[in-house]
$ cat upload-v1.cif   # mmCIF, C-alpha atoms
data_run
#
loop_
_atom_site.label_atom_id
_atom_site.label_comp_id
_atom_site.auth_asym_id
_atom_site.auth_seq_id
_atom_site.Cartn_x
_atom_site.Cartn_y
_atom_site.Cartn_z
CA MET A 1 31.84 -23.29 -43.25
CA SER A 2 28.80 -21.07 -43.58
CA CYS A 3 26.88 -20.12 -46.69
CA LYS A 4 25.22 -16.71 -46.80
CA GLU A 5 22.30 -18.00 -48.82
CA THR A 6 21.48 -21.10 -46.78
CA GLU A 7 18.32 -19.60 -45.34
CA SER A 8 16.81 -18.78 -48.68
CA LEU A 9 18.12 -21.91 -50.39
CA VAL A 10 16.73 -24.32 -47.82
CA ALA A 11 13.36 -22.56 -47.85
CA ASP A 12 13.30 -22.59 -51.64
CA TYR A 13 14.20 -26.26 -51.75
CA LEU A 14 11.26 -27.12 -49.47
CA ASP A 15 8.88 -25.11 -51.68
CA SER A 16 6.88 -27.42 -53.90
CA SER A 17 6.33 -24.63 -56.44
CA LEU A 18 10.02 -24.30 -57.28
CA PRO A 19 10.57 -24.76 -61.07
CA ALA A 20 12.57 -27.86 -62.07
CA SER A 21 15.41 -25.81 -63.59
CA GLN A 22 15.95 -23.86 -60.33
CA ARG A 23 15.70 -27.06 -58.33
CA ARG A 24 18.53 -28.58 -60.37
CA ILE A 25 20.72 -25.55 -59.66
CA LEU A 26 19.94 -25.85 -55.96
CA GLU A 27 20.77 -29.54 -55.97
CA GLN A 28 24.12 -28.83 -57.56
CA HIS A 29 24.82 -26.28 -54.86
CA MET A 30 23.78 -28.70 -52.13
CA GLN A 31 26.24 -31.28 -53.43
CA GLN A 32 29.07 -28.78 -53.09
CA CYS A 33 28.03 -26.95 -49.89
CA GLU A 34 28.17 -29.14 -46.79
CA HIS A 35 26.56 -26.51 -44.55
CA CYS A 36 23.51 -26.12 -46.77
CA ARG A 37 23.26 -29.91 -47.09
CA SER A 38 23.21 -30.49 -43.34
CA GLU A 39 20.76 -27.60 -42.81
CA LEU A 40 18.43 -29.03 -45.42
CA ALA A 41 18.61 -32.50 -43.84
CA ALA A 42 17.76 -31.00 -40.44
CA ALA A 43 14.86 -29.02 -41.89
CA GLN A 44 13.51 -32.15 -43.54
CA LYS A 45 13.77 -34.07 -40.26
CA VAL A 46 11.88 -31.34 -38.39
CA SER A 47 9.14 -31.34 -41.06
CA ALA A 48 8.91 -35.13 -40.91
CA HIS A 49 8.58 -34.99 -37.12
CA LEU A 50 5.74 -32.44 -37.35
CA LEU A 51 3.96 -34.48 -40.00
CA GLN A 52 3.62 -37.36 -37.53
CA TRP A 53 0.60 -35.45 -36.25
CA ARG A 54 -2.41 -37.78 -36.11
CA GLN A 55 -5.70 -36.26 -37.21
CA GLN A 56 -7.80 -35.84 -34.07
CA GLN A 57 -11.53 -36.45 -34.04
CA VAL A 58 -13.69 -33.36 -33.73
CA PRO A 59 -15.57 -33.27 -30.41
CA GLN A 60 -19.35 -32.89 -30.50
CA TRP A 61 -20.36 -29.34 -31.39
CA ASN A 62 -23.30 -27.44 -32.76
CA ARG A 63 -22.83 -27.27 -36.52
CA ILE A 64 -26.01 -25.43 -37.45
CA PRO A 65 -25.94 -21.62 -37.01
CA GLU A 66 -28.81 -20.04 -35.09
CA THR A 67 -30.36 -18.40 -38.17
CA LEU A 68 -30.36 -21.61 -40.17
CA ARG A 69 -31.72 -23.55 -37.21
CA HIS A 70 -34.59 -21.10 -36.93
CA ALA A 71 -35.35 -21.45 -40.65
CA ARG A 72 -35.42 -25.25 -40.34
CA HIS A 73 -37.81 -25.14 -37.39
CA THR A 74 -40.13 -22.79 -39.25
CA ARG A 75 -40.22 -25.05 -42.28
CA SER A 76 -40.83 -28.23 -40.34
CA TRP A 77 -43.59 -26.68 -38.21
CA SER A 78 -46.41 -27.49 -40.63
CA TRP A 79 -45.36 -31.14 -40.70
CA PHE A 80 -45.12 -31.23 -36.93
CA ALA A 81 -48.43 -29.43 -36.52
CA TRP A 82 -50.20 -32.12 -38.52
CA TRP A 83 -48.53 -35.03 -36.76
CA GLN A 84 -48.60 -33.72 -33.21
CA TRP A 85 -52.20 -34.95 -32.90
CA ALA A 86 -51.28 -38.51 -33.86
CA PRO A 87 -50.46 -39.71 -30.29
CA VAL A 88 -53.70 -38.16 -29.01
CA ALA A 89 -55.70 -39.91 -31.74
CA VAL A 90 -54.08 -43.26 -30.98
CA SER A 91 -54.78 -42.81 -27.26
CA LEU A 92 -58.45 -42.06 -27.98
CA VAL A 93 -58.82 -45.19 -30.11
CA LEU A 94 -57.24 -47.30 -27.35
CA VAL A 95 -59.51 -45.82 -24.67
CA LEU A 96 -62.53 -46.51 -26.89
CA ALA A 97 -61.36 -50.08 -27.41
CA ILE A 98 -61.08 -50.64 -23.63
CA PHE A 99 -64.51 -49.16 -22.90
CA THR A 100 -66.23 -51.21 -25.55
CA ASN A 101 -64.25 -54.32 -24.48
CA VAL A 102 -62.95 -55.08 -27.94
CA GLN A 103 -61.58 -58.62 -28.32
CA LEU A 104 -59.23 -59.63 -31.09
CA THR A 105 -58.80 -63.40 -31.31
CA GLN A 106 -57.20 -65.68 -33.83
CA THR A 107 -59.14 -68.75 -34.94
CA GLN A 108 -58.66 -71.27 -37.72
CA ASP A 109 -60.72 -69.01 -39.99
CA GLY A 110 -58.57 -65.97 -39.24
CA PHE A 111 -58.88 -63.00 -36.88
CA VAL A 112 -62.18 -62.27 -35.13
CA ILE A 113 -63.06 -58.92 -33.62
CA ALA A 114 -65.71 -59.02 -30.91
CA PHE A 115 -67.30 -56.26 -28.85
CA GLY A 116 -68.70 -56.73 -25.34
CA ALA A 117 -68.39 -59.85 -23.08
CA ASN A 118 -65.52 -62.22 -23.66
CA ARG A 119 -66.66 -65.78 -23.95
CA THR A 120 -63.29 -67.13 -24.93
CA VAL A 121 -61.55 -66.27 -21.70
CA ASP A 122 -64.50 -67.33 -19.55
CA ALA A 123 -64.50 -70.67 -21.23
CA MET A 124 -60.84 -71.22 -20.75
CA ASP A 125 -59.80 -73.72 -18.18
CA GLY A 126 -57.33 -72.58 -15.49
CA SER A 127 -55.09 -75.54 -16.19
CA VAL A 128 -54.88 -74.61 -19.86
CA ILE A 129 -53.68 -71.14 -18.92
CA ALA A 130 -51.13 -72.58 -16.49
CA GLU A 131 -49.90 -74.93 -19.18
CA GLN A 132 -49.55 -72.09 -21.67
CA LEU A 133 -47.68 -70.01 -19.11
CA ALA A 134 -45.29 -72.86 -18.39
CA ARG A 135 -44.67 -73.23 -22.12
CA PHE A 136 -44.13 -69.49 -22.37
CA GLU A 137 -41.62 -69.61 -19.53
CA VAL A 138 -39.64 -72.38 -21.22
CA GLN A 139 -39.60 -70.44 -24.48
CA GLN A 140 -38.46 -67.32 -22.67
CA ARG A 141 -35.59 -69.16 -20.99
CA LEU A 142 -34.53 -70.59 -24.32
CA ARG A 143 -34.65 -67.15 -25.92
CA GLN A 144 -32.68 -65.64 -23.05
CA ASP A 145 -29.95 -68.23 -23.49
CA GLN A 146 -29.78 -67.57 -27.23
CA GLU A 147 -29.69 -63.82 -26.75
CA PHE A 148 -27.00 -64.10 -24.13
CA GLN A 149 -24.89 -66.34 -26.36
CA ALA A 150 -25.23 -63.87 -29.24
CA LEU A 151 -24.43 -60.95 -26.93
CA ALA A 152 -21.34 -62.68 -25.56
CA ALA A 153 -20.15 -63.57 -29.09
CA ARG A 154 -20.58 -59.99 -30.27
CA MET A 155 -18.77 -58.70 -27.20
CA GLU A 156 -15.88 -61.11 -27.71
CA GLU A 157 -15.59 -60.18 -31.37
CA ARG A 158 -15.56 -56.48 -30.55
CA GLN A 159 -12.95 -56.95 -27.84
CA ASP A 160 -10.71 -58.98 -30.14
CA ALA A 161 -10.82 -56.31 -32.84
CA SER A 162 -10.26 -53.63 -30.24
CA ASN A 163 -7.26 -55.48 -28.75
CA ILE A 164 -5.62 -55.90 -32.13
CA ARG A 165 -6.10 -52.24 -32.95
CA LEU A 166 -4.77 -51.14 -29.60
CA MET A 167 -1.67 -53.31 -29.86
CA GLU A 168 -1.00 -52.08 -33.40
CA THR A 169 -1.18 -48.51 -32.23
CA VAL A 170 0.99 -49.24 -29.20
CA ILE A 171 3.64 -50.82 -31.43
CA SER A 172 3.54 -47.97 -33.93
CA GLN A 173 3.84 -45.40 -31.16
CA MET A 174 6.37 -47.37 -29.09
CA SER A 175 9.24 -45.09 -29.98
CA ASP A 176 7.39 -42.01 -28.77
CA SER A 177 5.86 -43.45 -25.63
CA THR A 178 7.54 -43.63 -22.28
CA ALA A 179 7.40 -46.79 -20.14
CA ARG A 180 5.17 -44.94 -17.69
CA SER A 181 2.60 -43.96 -20.29
CA LEU A 182 2.52 -47.53 -21.59
CA ASP A 183 1.83 -48.79 -18.05
CA GLN A 184 -0.98 -46.24 -17.80
CA VAL A 185 -2.45 -47.36 -21.09
CA LEU A 186 -2.30 -51.02 -20.13
CA ALA A 187 -3.87 -50.31 -16.72
CA TYR A 188 -6.59 -48.32 -18.41
CA PHE A 189 -7.07 -51.06 -20.97
CA GLU A 190 -7.63 -53.60 -18.14
CA ALA A 191 -10.12 -51.26 -16.43
CA ILE A 192 -12.10 -50.84 -19.66
CA ARG A 193 -12.30 -54.58 -20.20
CA GLU A 194 -13.51 -55.10 -16.63
CA GLN A 195 -16.11 -52.39 -17.13
CA ASP A 196 -17.28 -54.10 -20.33
CA MET A 197 -17.78 -57.38 -18.49
CA GLN A 198 -19.78 -55.64 -15.76
CA ILE A 199 -21.97 -54.02 -18.42
CA LEU A 200 -22.50 -57.41 -20.05
CA GLN A 201 -23.49 -59.00 -16.74
CA SER A 202 -25.84 -56.21 -15.76
CA THR A 203 -27.44 -56.27 -19.24
CA TYR A 204 -28.07 -59.98 -18.92
CA GLN A 205 -29.48 -59.53 -15.43
CA GLN A 206 -31.84 -56.84 -16.69
CA LEU A 207 -32.94 -59.14 -19.49
CA VAL A 208 -33.70 -61.94 -17.01
CA ASP A 209 -35.44 -59.60 -14.55
CA SER A 210 -37.55 -58.13 -17.31
CA ASP A 211 -38.67 -61.57 -18.49
CA TYR A 212 -39.54 -62.73 -14.97
CA GLU A 213 -41.49 -59.54 -14.50
CA THR A 214 -43.45 -60.29 -17.67
CA ILE A 215 -44.20 -63.85 -16.56
CA ARG A 216 -45.36 -62.66 -13.14
CA SER A 217 -47.62 -60.06 -14.73
CA VAL A 218 -49.17 -62.62 -17.06
CA GLN A 219 -49.73 -64.99 -14.11
CA GLN A 220 -51.47 -62.25 -12.11
CA LEU A 221 -53.58 -61.37 -15.12
CA ALA A 222 -54.50 -64.99 -15.68
CA SER A 223 -55.52 -65.53 -12.03
CA TYR A 224 -57.54 -62.34 -12.12
CA VAL A 225 -59.35 -63.45 -15.28
CA GLN A 226 -60.11 -66.86 -13.77
CA TYR A 227 -61.85 -65.27 -10.77
CA GLN A 228 -64.13 -63.15 -12.93
CA PRO A 229 -67.82 -64.31 -12.77
CA MET B 1 -18.51 -38.14 -54.97
CA SER B 2 -21.99 -37.91 -56.48
CA LEU B 3 -23.19 -34.72 -58.15
CA ALA B 4 -25.48 -33.95 -55.21
CA ASP B 5 -22.49 -34.18 -52.87
CA GLN B 6 -20.30 -31.66 -54.67
CA ASP B 7 -19.31 -28.59 -52.70
CA GLU B 8 -21.03 -26.19 -55.11
CA VAL B 9 -24.32 -28.09 -54.89
CA LEU B 10 -24.18 -28.21 -51.10
CA ILE B 11 -23.31 -24.51 -50.96
CA GLY B 12 -26.29 -23.70 -53.23
CA ALA B 13 -28.65 -25.75 -51.09
CA ALA B 14 -27.27 -24.23 -47.88
CA LEU B 15 -27.82 -20.75 -49.28
CA GLU B 16 -31.46 -21.70 -49.91
CA GLY B 17 -31.79 -22.62 -46.24
CA SER B 18 -31.03 -26.33 -46.21
CA ALA B 19 -29.57 -27.14 -42.80
CA ARG B 20 -28.85 -30.67 -43.99
CA ALA B 21 -26.66 -29.47 -46.88
CA TRP B 22 -24.82 -27.07 -44.58
CA GLU B 23 -24.21 -29.84 -42.06
CA ARG B 24 -22.78 -32.12 -44.77
CA LEU B 25 -20.48 -29.36 -45.98
CA VAL B 26 -19.27 -28.68 -42.44
CA LYS B 27 -18.72 -32.34 -41.67
CA ARG B 28 -16.57 -32.63 -44.78
CA TYR B 29 -14.08 -29.96 -43.66
CA GLU B 30 -14.44 -29.71 -39.88
CA GLY B 31 -11.69 -32.28 -39.25
CA ARG B 32 -9.11 -30.27 -41.18
CA VAL B 33 -10.20 -26.98 -39.64
CA TYR B 34 -10.28 -28.46 -36.13
CA ASN B 35 -6.76 -29.92 -36.42
CA PHE B 36 -5.52 -26.64 -37.94
CA SER B 37 -7.02 -24.82 -34.93
CA LEU B 38 -5.67 -27.34 -32.44
CA ARG B 39 -2.11 -27.00 -33.72
CA LEU B 40 -2.32 -23.22 -33.62
CA THR B 41 -4.02 -22.75 -30.27
CA GLY B 42 -2.56 -25.77 -28.49
CA ASN B 43 -5.71 -26.57 -26.57
CA GLN B 44 -9.10 -28.08 -27.26
CA THR B 45 -11.27 -25.27 -25.90
CA ASP B 46 -9.66 -22.55 -28.01
CA ALA B 47 -9.51 -24.90 -31.00
CA LEU B 48 -13.27 -25.46 -30.77
CA ASP B 49 -13.88 -21.72 -30.41
CA LEU B 50 -11.72 -20.98 -33.43
CA MET B 51 -13.38 -23.71 -35.50
CA GLN B 52 -16.83 -22.33 -34.63
CA GLU B 53 -15.71 -18.82 -35.56
CA VAL B 54 -14.36 -20.11 -38.88
CA PHE B 55 -17.57 -21.89 -39.86
CA LEU B 56 -19.70 -18.98 -38.70
CA GLY B 57 -17.58 -16.72 -40.91
CA VAL B 58 -17.97 -19.15 -43.79
CA TYR B 59 -21.74 -19.27 -43.30
CA ARG B 60 -22.10 -15.49 -43.16
CA ASN B 61 -19.99 -15.03 -46.29
CA LEU B 62 -21.21 -18.05 -48.21
CA HIS B 63 -23.13 -15.86 -50.66
CA ARG B 64 -19.83 -14.18 -51.57
CA PHE B 65 -18.17 -17.42 -52.66
CA ARG B 66 -18.11 -17.25 -56.47
CA GLY B 67 -16.20 -20.46 -57.17
CA ASP B 68 -13.16 -18.59 -58.57
CA SER B 69 -10.96 -20.72 -56.33
CA LEU B 70 -11.43 -24.06 -54.63
CA PHE B 71 -13.82 -23.97 -51.70
CA THR B 72 -11.02 -25.29 -49.42
CA THR B 73 -8.73 -22.40 -50.46
CA TRP B 74 -11.47 -19.91 -49.67
CA LEU B 75 -12.33 -21.66 -46.40
CA PHE B 76 -8.71 -21.74 -45.19
CA ARG B 77 -8.27 -18.08 -46.06
CA ILE B 78 -11.12 -17.38 -43.64
CA ALA B 79 -9.59 -19.82 -41.14
CA HIS B 80 -6.26 -17.98 -41.37
CA ASN B 81 -7.88 -14.59 -40.86
CA LYS B 82 -9.95 -15.82 -37.92
CA ALA B 83 -6.83 -17.31 -36.33
CA VAL B 84 -5.02 -14.00 -36.69
CA ASP B 85 -8.03 -12.15 -35.22
CA MET B 86 -8.22 -14.57 -32.32
CA ASN B 87 -4.54 -14.13 -31.53
CA ARG B 88 -4.92 -10.35 -31.70
CA CYS B 89 -7.84 -10.46 -29.26
CA ARG B 90 -5.91 -12.76 -26.98
CA ARG B 91 -2.98 -10.41 -26.89
CA LEU B 92 -5.21 -7.44 -26.24
CA PHE B 93 -7.47 -8.88 -23.58
CA MET B 94 -5.63 -11.74 -22.02
CA GLN B 95 -2.25 -12.57 -20.62
CA GLN B 96 0.65 -13.40 -22.88
CA ASP B 97 0.65 -16.99 -24.13
CA GLN B 98 2.13 -19.37 -21.64
CA PRO B 99 4.40 -21.74 -23.56
CA GLY B 100 5.06 -25.30 -22.43
CA GLY B 101 1.53 -26.55 -21.73
CA ASN B 102 0.28 -29.83 -23.04
CA ALA B 103 -2.08 -30.28 -26.02
CA ASP B 104 -5.07 -29.43 -23.90
CA GLY B 105 -3.63 -26.74 -21.79
CA ASP B 106 -5.02 -27.87 -18.46
CA ASP B 107 -3.74 -30.43 -16.06
CA ALA B 108 -6.93 -32.43 -16.49
CA ASP B 109 -6.59 -36.16 -16.56
CA PRO B 110 -6.15 -37.10 -20.23
CA TYR B 111 -8.22 -40.26 -19.69
CA ASP B 112 -11.32 -38.28 -18.72
CA ARG B 113 -10.97 -36.04 -21.74
CA VAL B 114 -10.54 -38.95 -24.14
CA VAL B 115 -13.49 -40.89 -22.79
CA SER B 116 -15.86 -37.93 -22.91
CA ASN B 117 -14.65 -36.72 -26.31
CA ASP B 118 -15.14 -39.50 -28.64
CA PRO B 119 -17.16 -42.55 -27.80
CA ARG B 120 -16.90 -43.76 -31.39
CA GLN B 121 -13.27 -44.82 -31.02
CA ASP B 122 -11.50 -47.07 -28.60
CA PRO B 123 -10.46 -44.63 -25.82
CA ALA B 124 -7.08 -46.28 -25.31
CA VAL B 125 -6.18 -45.87 -28.98
CA VAL B 126 -7.28 -42.23 -28.96
CA LEU B 127 -5.17 -41.66 -25.87
CA ILE B 128 -2.01 -42.99 -27.50
CA GLU B 129 -2.59 -40.90 -30.62
CA GLU B 130 -3.16 -37.79 -28.54
CA GLN B 131 0.04 -38.41 -26.60
CA GLY B 132 1.94 -38.29 -29.89
CA ASN B 133 0.14 -35.10 -30.85
CA SER B 134 0.74 -33.46 -27.48
CA VAL B 135 4.51 -33.83 -28.00
CA ILE B 136 4.23 -32.06 -31.37
CA SER B 137 1.89 -29.49 -29.87
CA ARG B 138 4.40 -28.77 -27.09
CA HIS B 139 7.12 -28.25 -29.68
CA LEU B 140 4.91 -25.90 -31.71
CA GLU B 141 4.04 -23.90 -28.62
CA SER B 142 7.71 -23.10 -28.13
CA LEU B 143 7.49 -20.98 -31.29
CA SER B 144 6.17 -17.45 -31.47
CA TRP B 145 2.67 -17.03 -32.89
CA ASP B 146 3.95 -15.81 -36.28
CA GLN B 147 6.41 -18.68 -36.54
CA ARG B 148 3.76 -21.23 -35.57
CA LEU B 149 1.38 -19.84 -38.17
CA ILE B 150 3.97 -19.98 -40.93
CA VAL B 151 4.94 -23.55 -40.02
CA GLU B 152 1.25 -24.48 -40.11
CA LEU B 153 0.78 -22.90 -43.53
CA LYS B 154 3.96 -24.35 -45.02
CA VAL B 155 4.23 -27.81 -43.47
CA PHE B 156 0.62 -28.79 -42.80
CA GLN B 157 -1.27 -26.77 -45.42
CA SER B 158 1.49 -27.10 -48.07
CA HIS B 159 1.23 -23.48 -49.20
CA THR B 160 3.97 -22.00 -51.37
CA PHE B 161 5.90 -18.97 -50.08
CA GLU B 162 4.17 -16.82 -52.70
CA GLU B 163 0.76 -17.88 -51.35
CA ILE B 164 1.86 -17.28 -47.76
CA ALA B 165 3.22 -13.86 -48.72
CA GLU B 166 -0.11 -12.93 -50.30
CA LEU B 167 -2.15 -14.33 -47.42
CA GLN B 168 -0.13 -12.54 -44.74
CA ASP B 169 0.59 -9.45 -46.79
CA ILE B 170 4.36 -9.75 -46.30
CA PRO B 171 7.25 -10.10 -48.80
CA ALA B 172 8.03 -13.70 -49.81
CA ASN B 173 11.57 -13.35 -48.48
CA THR B 174 10.24 -12.43 -45.04
CA ALA B 175 8.08 -15.55 -45.12
CA LYS B 176 11.13 -17.65 -46.02
CA THR B 177 13.24 -16.15 -43.24
CA ARG B 178 10.47 -16.61 -40.70
CA PHE B 179 10.00 -20.21 -41.75
CA TYR B 180 13.70 -20.99 -41.66
CA THR B 181 14.08 -19.39 -38.21
CA ALA B 182 11.13 -21.43 -36.93
CA LEU B 183 12.68 -24.65 -38.25
CA ARG B 184 16.02 -23.87 -36.63
CA LYS B 185 14.32 -23.22 -33.31
CA LEU B 186 12.38 -26.47 -33.58
CA LYS B 187 15.57 -28.30 -34.47
CA SER B 188 17.31 -27.14 -31.28
CA ILE B 189 14.26 -28.11 -29.17
CA LEU B 190 14.08 -31.54 -30.80
CA GLU B 191 17.77 -32.02 -30.07
CA GLN B 192 17.19 -31.11 -26.43
CA ASP B 193 14.36 -33.64 -26.32
CA HIS B 194 16.60 -36.23 -28.02
CA VAL B 195 14.09 -36.54 -30.86
CA MET B 196 16.82 -35.64 -33.36
#
$ encode --input "upload-v1.cif" --output "structure tokens"
Amino acid sequence: MSCKETESLVADYLDSSLPASQRRILEQHMQQCEHCRSELAAAQKVSAHLLQWRQQQVPQWNRIPETLRHARHTRSWSWFAWWQWAPVAVSLVLVLAIFTNVQLTQTQDGFVIAFGANRTVDAMDGSVIAEQLARFEVQQRLRQDQEFQALAARMEERQDASNIRLMETVISQMSDSTARSLDQVLAYFEAIREQDMQILQSTYQQLVDSDYETIRSVQQLASYVQYQP
Amino acid sequence: MSLADQDEVLIGAALEGSARAWERLVKRYEGRVYNFSLRLTGNQTDALDLMQEVFLGVYRNLHRFRGDSLFTTWLFRIAHNKAVDMNRCRRLFMQQDQPGGNADGDDADPYDRVVSNDPRQDPAVVLIEEQGNSVISRHLESLSWDQRLIVELKVFQSHTFEEIAELQDIPANTAKTRFYTALRKLKSILEQDHVM
């Protein structure tokens, strides 16, 4: 059985602005008219399906219009103009410090600034330097181990949280996903984890390389200083 | 929301040339506008273009916003008009819409797109969410432009038929008929896809 007003009635029923009195009349009609009732149920199902839309993140884009960007640059120019000389000034001070052989040493009385020849280094015994370097190396190794442990713990924590979130989403979307897409997701998931481990290993290796580089540089510097007259 | 964060305050500051205030205002609404655009255009490139057009339109007309209505109402009126303009241009200068594409139009690997899009989220999770959206997007693309727009306004933006009639300059009964026809079409597609 078909109702001539179904179209308008269903649309009205889905309109949130419909007054309560008219809604009651519509509900009474729906109870009596099977066609309208089934059409309304279908319309509600379609709406519910559409509302499963998940808000998607906005990709990176340029939010500031050209005119506003220009205004901002103009305003910040005076600040920049004043500060742009800062690196030059710092460089000059450093060059001056090197030419005048400035020495900053820490003694029991505090910091001492000296200009000219460096008596402290001359007086230092080679064995003392070697001993200090060895101590430095031990400290560095200890620090590396600690940093690596912390890095690994953070990584593990992040992966756990990520796994839980992924599985929750997979479960919630299970009804919509095909077996093939799930296989793809799982394969991708494995690839990402493997990539993460490679990043972790390379980061650690860089950390170690960087520290050995530092130690070697200090050793070269120390041997150079020892050979100075 | 603090006083300094209210739309009116941000609008005032943006009008005085504060890029920071403008950026905060945009960030507040860009998600809604982007998803609106994505559902209407069915692909990321056009959605981004439409979103940029919308915010450019908002920026150019910001001095005209008097606060008579909510800022979101005003913003989505501009979004609606820009969407209509974009569709008109498309019809004039490009081929007819090709229905049946996925959410991003191209055959590009969805993994690549997800990874490059949003490094803030777990890519696998984003992928699953987008798969759900691409199904809905495919269903929406089976509708004509007018039907898609009315479904967007009614279902996602929760406009009343009176508001839609005013926005589109059509009688309310036409809006109702168009909406009902769109739902019936979607229903038959969902039945074919065994979703219903």
$ residues_around --input "upload-v1.cif" --residues "Asp146 in chain B" --least-positions-apart "6" --cutoff "12 Å" --atoms "all atoms listed in the file" --output "VMD selection string"
chain B and resid 40 80 83 to 84 87 to 88 140 152 to 153 164 168 170 174 to 175 177 to 179 181 to 182
$ atom_distance --input "upload-v1.cif" --atom1 "CA of Tyr212 in chain A" --atom2 "CA of Glu137 in chain A"
8.5 Å
$ interface_residues --input "upload-v1.cif" --of "chain A" --to "chain B" --cutoff "6 Å" --atoms "all atoms listed in the file" --output "mmCIF file with C-alpha atoms, in the frame of the given file"
data_model
loop_
_atom_site.group_PDB
_atom_site.id
_atom_site.type_symbol
_atom_site.label_atom_id
_atom_site.label_comp_id
_atom_site.auth_asym_id
_atom_site.auth_seq_id
_atom_site.Cartn_x
_atom_site.Cartn_y
_atom_site.Cartn_z
ATOM 1 C CA ALA A 11 13.360 -22.560 -47.850
ATOM 2 C CA ASP A 15 8.880 -25.110 -51.680
ATOM 3 C CA TRP A 53 0.600 -35.450 -36.250
ATOM 4 C CA VAL A 58 -13.690 -33.360 -33.730
ATOM 5 C CA PRO A 59 -15.570 -33.270 -30.410
ATOM 6 C CA LEU A 166 -4.770 -51.140 -29.600
#
$ atom_distance --input "upload-v1.cif" --atom1 "CA of Asp85 in chain B" --atom2 "CA of Pro171 in chain B"
20.5 Å
$ resolve_selection --input "upload-v1.cif" --expression "the PyMOL selection byres ((chain A and resi 10) around 8)" --output "list in words"
Thr6, Glu7, Ser8, Leu9, Ala11, Asp12, Tyr13, Leu14, Cys36, Glu39, Leu40 and Ala43 of chain A; Tyr180 of chain B
$ residues_around --input "upload-v1.cif" --residues "Phe65 in chain B" --least-positions-apart "6" --cutoff "12 Å" --atoms "only C-alpha atoms" --output "ChimeraX atom specification"
/B:7-8,11-12,15,57-59,71-75,77-78
$ resolve_selection --input "upload-v1.cif" --expression "the PyMOL selection byres ((chain A and resi 113) around 10)" --output "VMD selection string"
chain A and resid 102 to 106 111 to 112 114 to 115
$ atom_distance --input "upload-v1.cif" --atom1 "CA of Leu50 in chain B" --atom2 "CA of Ala79 in chain B"
8.1 Å
$ closest_residue --input "upload-v1.cif" --among "B:Trp145, B:Leu10, B:Ile150, B:Ser69" --to "Arg91 in chain B" --atoms "only C-alpha atoms"
B:Trp145
$ residues_around --input "upload-v1.cif" --residues "range 213-220 of chain A" --least-positions-apart "2" --cutoff "9 Å" --atoms "only C-alpha atoms" --output "PyMOL selection string"
chain A and resi 129-130+133+136-137+208-211+222-225
$ write_last_selection --input "upload-v1.cif" --atoms "C-alpha atoms" --output "compact mmCIF listing (two decimals), in the frame of the given file"
# COMPACT_ATOMS: atom_id res chain seq x y z
CA ILE A 129 -53.68 -71.14 -18.92
CA ALA A 130 -51.13 -72.58 -16.49
CA LEU A 133 -47.68 -70.01 -19.11
CA PHE A 136 -44.13 -69.49 -22.37
CA GLU A 137 -41.62 -69.61 -19.53
CA VAL A 208 -33.70 -61.94 -17.01
CA ASP A 209 -35.44 -59.60 -14.55
CA SER A 210 -37.55 -58.13 -17.31
CA ASP A 211 -38.67 -61.57 -18.49
CA ALA A 222 -54.50 -64.99 -15.68
CA SER A 223 -55.52 -65.53 -12.03
CA TYR A 224 -57.54 -62.34 -12.12
CA VAL A 225 -59.35 -63.45 -15.28
$ closest_residue --input "upload-v1.cif" --among "B:Ile189, B:Leu92, B:Ala172, B:Leu62" --to "Arg138 in chain B" --atoms "all atoms listed in the file"
B:Ile189
$ decode --input "upload-v1.cif" --residues "range 40-46 of chain A" --atoms "N, CA, C and O atoms" --output "PDB file, in the first residue's frame"
ATOM      1  N   LEU A  40      10.300   5.417   6.608  1.00  0.00           N
ATOM      2  CA  LEU A  40      10.989   6.190   7.649  1.00  0.00           C
ATOM      3  C   LEU A  40      12.148   5.378   8.227  1.00  0.00           C
ATOM      4  O   LEU A  40      13.255   5.900   8.416  1.00  0.00           O
ATOM      5  N   ALA A  41      11.902   4.100   8.485  1.00  0.00           N
ATOM      6  CA  ALA A  41      12.962   3.239   9.041  1.00  0.00           C
ATOM      7  C   ALA A  41      14.144   3.186   8.080  1.00  0.00           C
ATOM      8  O   ALA A  41      15.311   3.277   8.505  1.00  0.00           O
ATOM      9  N   ALA A  42      13.854   3.066   6.781  1.00  0.00           N
ATOM     10  CA  ALA A  42      14.935   3.009   5.783  1.00  0.00           C
ATOM     11  C   ALA A  42      15.708   4.327   5.760  1.00  0.00           C
ATOM     12  O   ALA A  42      16.941   4.332   5.727  1.00  0.00           O
ATOM     13  N   ALA A  43      14.967   5.431   5.808  1.00  0.00           N
ATOM     14  CA  ALA A  43      15.623   6.753   5.788  1.00  0.00           C
ATOM     15  C   ALA A  43      16.526   6.921   7.011  1.00  0.00           C
ATOM     16  O   ALA A  43      17.639   7.464   6.913  1.00  0.00           O
ATOM     17  N   GLN A  44      16.050   6.441   8.147  1.00  0.00           N
ATOM     18  CA  GLN A  44      16.857   6.547   9.365  1.00  0.00           C
ATOM     19  C   GLN A  44      18.115   5.687   9.275  1.00  0.00           C
ATOM     20  O   GLN A  44      19.182   6.078   9.738  1.00  0.00           O
ATOM     21  N   LYS A  45      17.972   4.512   8.648  1.00  0.00           N
ATOM     22  CA  LYS A  45      19.147   3.633   8.482  1.00  0.00           C
ATOM     23  C   LYS A  45      20.179   4.277   7.562  1.00  0.00           C
ATOM     24  O   LYS A  45      21.380   4.214   7.813  1.00  0.00           O
ATOM     25  N   VAL A  46      19.704   4.887   6.484  1.00  0.00           N
ATOM     26  CA  VAL A  46      20.624   5.553   5.542  1.00  0.00           C
ATOM     27  C   VAL A  46      21.361   6.688   6.258  1.00  0.00           C
ATOM     28  O   VAL A  46      22.584   6.816   6.159  1.00  0.00           O
TER      29      VAL A  46
END
